[in-house]
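Novice: This structure is in structure tokens; I'll ask about it shortly.
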Amino acid sequence: MLKPYCVIAVGLFSIPILLQRLSKCSKIEKYFEKGMSEMDNKELANLLFPDVTKTPEYYEELYPKRNLPEGAIVTRFAPSPTGFIHIGGLYASLIAERNAHQSGGVFFLRIEDTDKKREVADGVSQIINVLRDFNVNFDEGVIGENETDVGAYGPYTQSKRADVYRTFAKKLVEEGKAYPCFCTEEQLELTRKRQEAVKARTGYYGQWAVDRNLSNDEIVEKINQGLKFVVRMRSPGVNNRKILHKDLIHGKVEFPENDIDHVIIKSDGIPTYHFAHVVDDHLMRTNLVIRGDEWLSSIPVHLQMFATMGWEPPKYAHISPIMKKEGETKRKLSKRKDSEAAVSYYFEEGYPNVAVTEYLLNIANSSFEPWRRSNPMTPYTEFQIKLSDMNASGALFDLVKLNDISKDVISKMTGEEVYSYTKEWAEKFDSELHEMLTRNKEYAVKMFSIEKGGNKPRKDIGKWSDVKNQISYFFEDKFDHQYDFSEKISEEDRKAILNAYLETYVFDDEKQVWFDKIKAICDKLGFASNNKDYKANPDQYKGNISDVSNVIRVALTGRQMSPDMYEIMQVMGKEATIKRIRECL
RNA sequence: GGCGCAUUGGUCUAGCGGUUAGGACAUCACCCUCUCACGGUGGUAACAGGGGUUCGAGUCCCCUAUGCGCUACCA
């Protein structure tokens, strides 16, 4: 669909319509009649932006300063709706959201869809849904029903703000701070080659900015010829002067002043990122911009644009990217090459969202770990994240560490919680597991409650996809009846142990009674019931209590490693327990 | 090429002129009256390199190397 500004832009280049428009303006009419005195900047601005009807003052009033307490941070997450949520995007949004809400400020979502080529149909709803899942909550933005705006500073979608940008671009032209440039891409390419040939800096600046000093007459002439144009901001900068920027993460950073006349409005009438950022973040009253450090180099441009507009710039925090190691080198996690770059990866693997969040928090502020240790049960939202504690270099993503944090997070959940999260995950990714969990909820919850509670809860699940393998023996129809008995114990001894166990086994025994019975079996069959005795005189015994226990364990679960045997039997029930053991006789 | 940013064990990092360079993950050993997972104790392991400044440098300055980013009418 053609956007209104496209229609207007096209219209501009068609002479009859142009003349029609011009005829509305008496001054221009006069100019054409007399053909003498040069058109002034105001008239030029009208010629360049005939569609603009509002004034800067109108927008300044429409979007008043926010009435917030001192220190309240207004910040945003501003993604492009490409349908791919990068872990780095989640990282940035988490940091922004925490900073805004910790300070009693505002966090909003702005969609930067000025690049229509990369856009995906349901890109926006995907972003909103993923962030909601991760508890990254917005106060304003494209977050209402059917992606409608919530908040007084909208529209929050850049493609719907063309008139806003054009109003301010027009003002700059009136003030002589911006001008149209008719250079074609080929001409610019040529300029660049010449600059390279003479080893000059590349870019549209100084004497290379050929359209910078076009007279208004020349401009009118070119427009009459139907030439396309972009609008560039006239840079007041001098390259050999330095500017100092104080970044909230990088600290003091020094750059040469920008002297390039950057494009602010493209030939299709849409603003560039630079201009949209400056206009939007001013009008939306953003006071802190948190973004990837690939933008750090653009700071001279952005600061200069704020100054040219006469606006106070926001504070900036440039965060370092999450990296990946490939061979000997580090590189940014790549959307194309690395499956773990996508937030959906963690979802599919079955990492709890809280675990991913806590891992990200741990990368952001290393003080998170000691805090977590001294506040084991406090929600992470109580942790005060500090931008100044963030590292200026990129961290390698460490799945092993994530796994450790995730095990910790899951270990603190109740059996009931583990059950419902696993079920929810299995519903999407493992129908067999889902069926196992839903046929008898009570049984499944008991299973997940083994060795829970107390100050040393069981810590063996890192992600929901681990679960099936760990619980399969609880289900008669999923149990493969393969018994991994240790070769250390003879078949004869094995059967003797199992027989003795069955003889004395009483389902209702207390745990200590049950254990004492195993000890008794050890003594009876020549195994050490006490590990210290065994270690002191290993030759006097066939083995120790571990060996005896493991025979029972394998008969029960098929494997040599399991959670607490007593609890497993309590969950499986008397019949199932006896049946398993008999099978091995 | 130009301009920036970065560089402490395998990984994430603490350190902000004087430390036996601390912690976490990983790893190894041992301990924990049932294995595993925990938990505990201990071990291996780091200031990219070179110059300065200083009584003294991981910390300040310069150079080099390496990595990353920007250098578009992409964000």
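Chain labels A, B, ... are given in the sequence in which chains occur in the structure tokens; within each chain residues are numbered consecutively from 1, and ligands are likewise numbered from 1 in the order shown.
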Mind listing the strand (DSSP E or B) residues of region 75-287 of chain A, per DSSP on the backbone, as a PyMOL selection string?

Specialist: chain A and resi 75-77+86+106-109+111+140-141+150+157+178-181+205+230-233+242-247+251-256+260+263-265+271

Novice: Please identify all polymer residues within 9 Å of region 53-63 of chain B, counting only C-alpha atoms (C1' of nucleotides), omitting same-chain residues fewer than 4 positions from it, and present them as a PyMOL selection string.

Specialist: chain B and resi 8+15-18+21+47

Novice: Give the alpha helix (DSSP H) residues of region 338-554 of chain A, as assigned by DSSP on the backbone, as a PyMOL selection string.

Specialist: chain A and resi 343-349+353-364+368-374+399-411+415-429+431-438+441-448+467-471+491-504+511-525+531-536+545-554

Novice: Could you write out as JSON, numbers by chain the residues of chain A within 6 Å of chain B, counting only C-alpha atoms (C1' of nucleotides)?

Specialist: {"A": [266, 294, 297, 393, 401, 459, 460, 530, 546, 549, 561, 562]}

Novice: Take the selection from the previous step and output its residues with N, CA and C atoms, as a PDB file, in the first residue's frame.

Specialist:
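Output contents, as saved in again.pdb:
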```
ATOM      1  N   LYS A 266      14.902  10.671   3.715  1.00  0.00           N
ATOM      2  CA  LYS A 266      15.283   9.950   2.501  1.00  0.00           C
ATOM      3  C   LYS A 266      14.393  10.393   1.337  1.00  0.00           C
ATOM      4  N   GLU A 294      26.890  -0.716  19.007  1.00  0.00           N
ATOM      5  CA  GLU A 294      27.173  -0.416  17.605  1.00  0.00           C
ATOM      6  C   GLU A 294      26.766   1.023  17.292  1.00  0.00           C
ATOM      7  N   SER A 297      29.452   4.933  17.906  1.00  0.00           N
ATOM      8  CA  SER A 297      30.119   5.779  16.915  1.00  0.00           C
ATOM      9  C   SER A 297      29.197   6.858  16.358  1.00  0.00           C
ATOM     10  N   SER A 393      32.891  -4.441  27.760  1.00  0.00           N
ATOM     11  CA  SER A 393      33.266  -5.377  26.703  1.00  0.00           C
ATOM     12  C   SER A 393      32.235  -6.506  26.628  1.00  0.00           C
ATOM     13  N   LYS A 401      26.901 -22.140  32.158  1.00  0.00           N
ATOM     14  CA  LYS A 401      26.522 -21.290  33.280  1.00  0.00           C
ATOM     15  C   LYS A 401      25.000 -21.122  33.345  1.00  0.00           C
ATOM     16  N   LYS A 459      18.705 -30.984  42.774  1.00  0.00           N
ATOM     17  CA  LYS A 459      19.130 -30.048  41.729  1.00  0.00           C
ATOM     18  C   LYS A 459      19.561 -30.824  40.510  1.00  0.00           C
ATOM     19  N   ASP A 460      18.652 -31.484  39.866  1.00  0.00           N
ATOM     20  CA  ASP A 460      19.080 -32.301  38.725  1.00  0.00           C
ATOM     21  C   ASP A 460      18.390 -31.939  37.417  1.00  0.00           C
ATOM     22  N   ASN A 530      28.718 -50.455  57.009  1.00  0.00           N
ATOM     23  CA  ASN A 530      29.294 -49.168  57.379  1.00  0.00           C
ATOM     24  C   ASN A 530      30.493 -48.917  56.466  1.00  0.00           C
ATOM     25  N   SER A 546      26.804 -49.499  49.678  1.00  0.00           N
ATOM     26  CA  SER A 546      26.512 -48.858  48.395  1.00  0.00           C
ATOM     27  C   SER A 546      26.210 -49.908  47.339  1.00  0.00           C
ATOM     28  N   SER A 549      22.802 -51.409  48.047  1.00  0.00           N
ATOM     29  CA  SER A 549      21.757 -50.439  47.685  1.00  0.00           C
ATOM     30  C   SER A 549      21.596 -50.359  46.185  1.00  0.00           C
ATOM     31  N   MET A 561      22.001 -44.714  38.803  1.00  0.00           N
ATOM     32  CA  MET A 561      21.893 -43.394  39.408  1.00  0.00           C
ATOM     33  C   MET A 561      20.425 -43.006  39.474  1.00  0.00           C
ATOM     34  N   SER A 562      20.015 -42.561  40.637  1.00  0.00           N
ATOM     35  CA  SER A 562      18.619 -42.154  40.788  1.00  0.00           C
ATOM     36  C   SER A 562      18.500 -41.263  42.014  1.00  0.00           C
TER      37      SER A 562
END
```

Novice: Could you pull the residues within 10 Å of Ser334 (chain A), counting only C-alpha atoms (C1' of nucleotides), minus those fewer than 4 positions along the same chain, as a compact mmCIF listing (two decimals) with N, CA, C and O atoms, in the first residue's frame?

Specialist:
```
# COMPACT_ATOMS: atom_id res chain seq x y z
N HIS A 86 16.09 -11.57 19.08
CA HIS A 86 17.46 -11.90 19.41
C HIS A 86 17.62 -11.87 20.93
O HIS A 86 17.02 -11.05 21.60
N ILE A 322 26.29 -9.56 23.22
CA ILE A 322 26.58 -10.90 23.70
C ILE A 322 27.30 -11.63 22.58
O ILE A 322 26.87 -11.62 21.44
N MET A 323 28.42 -12.24 22.94
CA MET A 323 29.29 -12.82 21.93
C MET A 323 29.25 -14.34 21.97
O MET A 323 28.73 -14.96 22.89
N LYS A 324 29.88 -14.89 20.95
CA LYS A 324 29.98 -16.33 20.85
C LYS A 324 31.40 -16.64 20.42
O LYS A 324 31.99 -15.90 19.65
N ASP A 338 23.83 -18.90 14.57
CA ASP A 338 23.73 -19.48 15.91
C ASP A 338 22.29 -19.66 16.34
O ASP A 338 21.58 -18.69 16.54
N SER A 339 21.91 -20.92 16.54
CA SER A 339 20.54 -21.17 16.95
C SER A 339 20.27 -20.52 18.31
O SER A 339 19.16 -20.08 18.58
N GLU A 340 21.30 -20.44 19.16
CA GLU A 340 21.08 -19.89 20.50
C GLU A 340 20.95 -18.37 20.50
O GLU A 340 20.77 -17.76 21.55
N ALA A 341 21.04 -17.74 19.33
CA ALA A 341 20.83 -16.30 19.26
C ALA A 341 19.34 -15.97 19.38
O ALA A 341 18.98 -14.87 19.79
N ALA A 342 18.51 -16.91 19.03
CA ALA A 342 17.07 -16.65 19.07
C ALA A 342 16.50 -16.95 20.44
O ALA A 342 16.83 -17.97 21.05
```

Novice: Which residue is closest to Gln225 (chain A)? Choose from A:Asp539, A:His101, A:Phe182, A:Thr272 and count only C-alpha atoms.

Specialist: A:Phe182

Novice: In Å, with one decimal, what is the gap from CA of Gly123 (chain A) to CA of Asn353 (chain A)?

Specialist: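 Rounded to one decimal, the two atoms are 20.4 Å apart.
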
Novice: Using only C-alpha atoms, which of A:Gly151, A:Lys177, A:Ser80, A:Lys246 sits nearest Lys117 (chain A)?

Specialist: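 Closest residue, counting only C-alpha atoms: A:Ser80.
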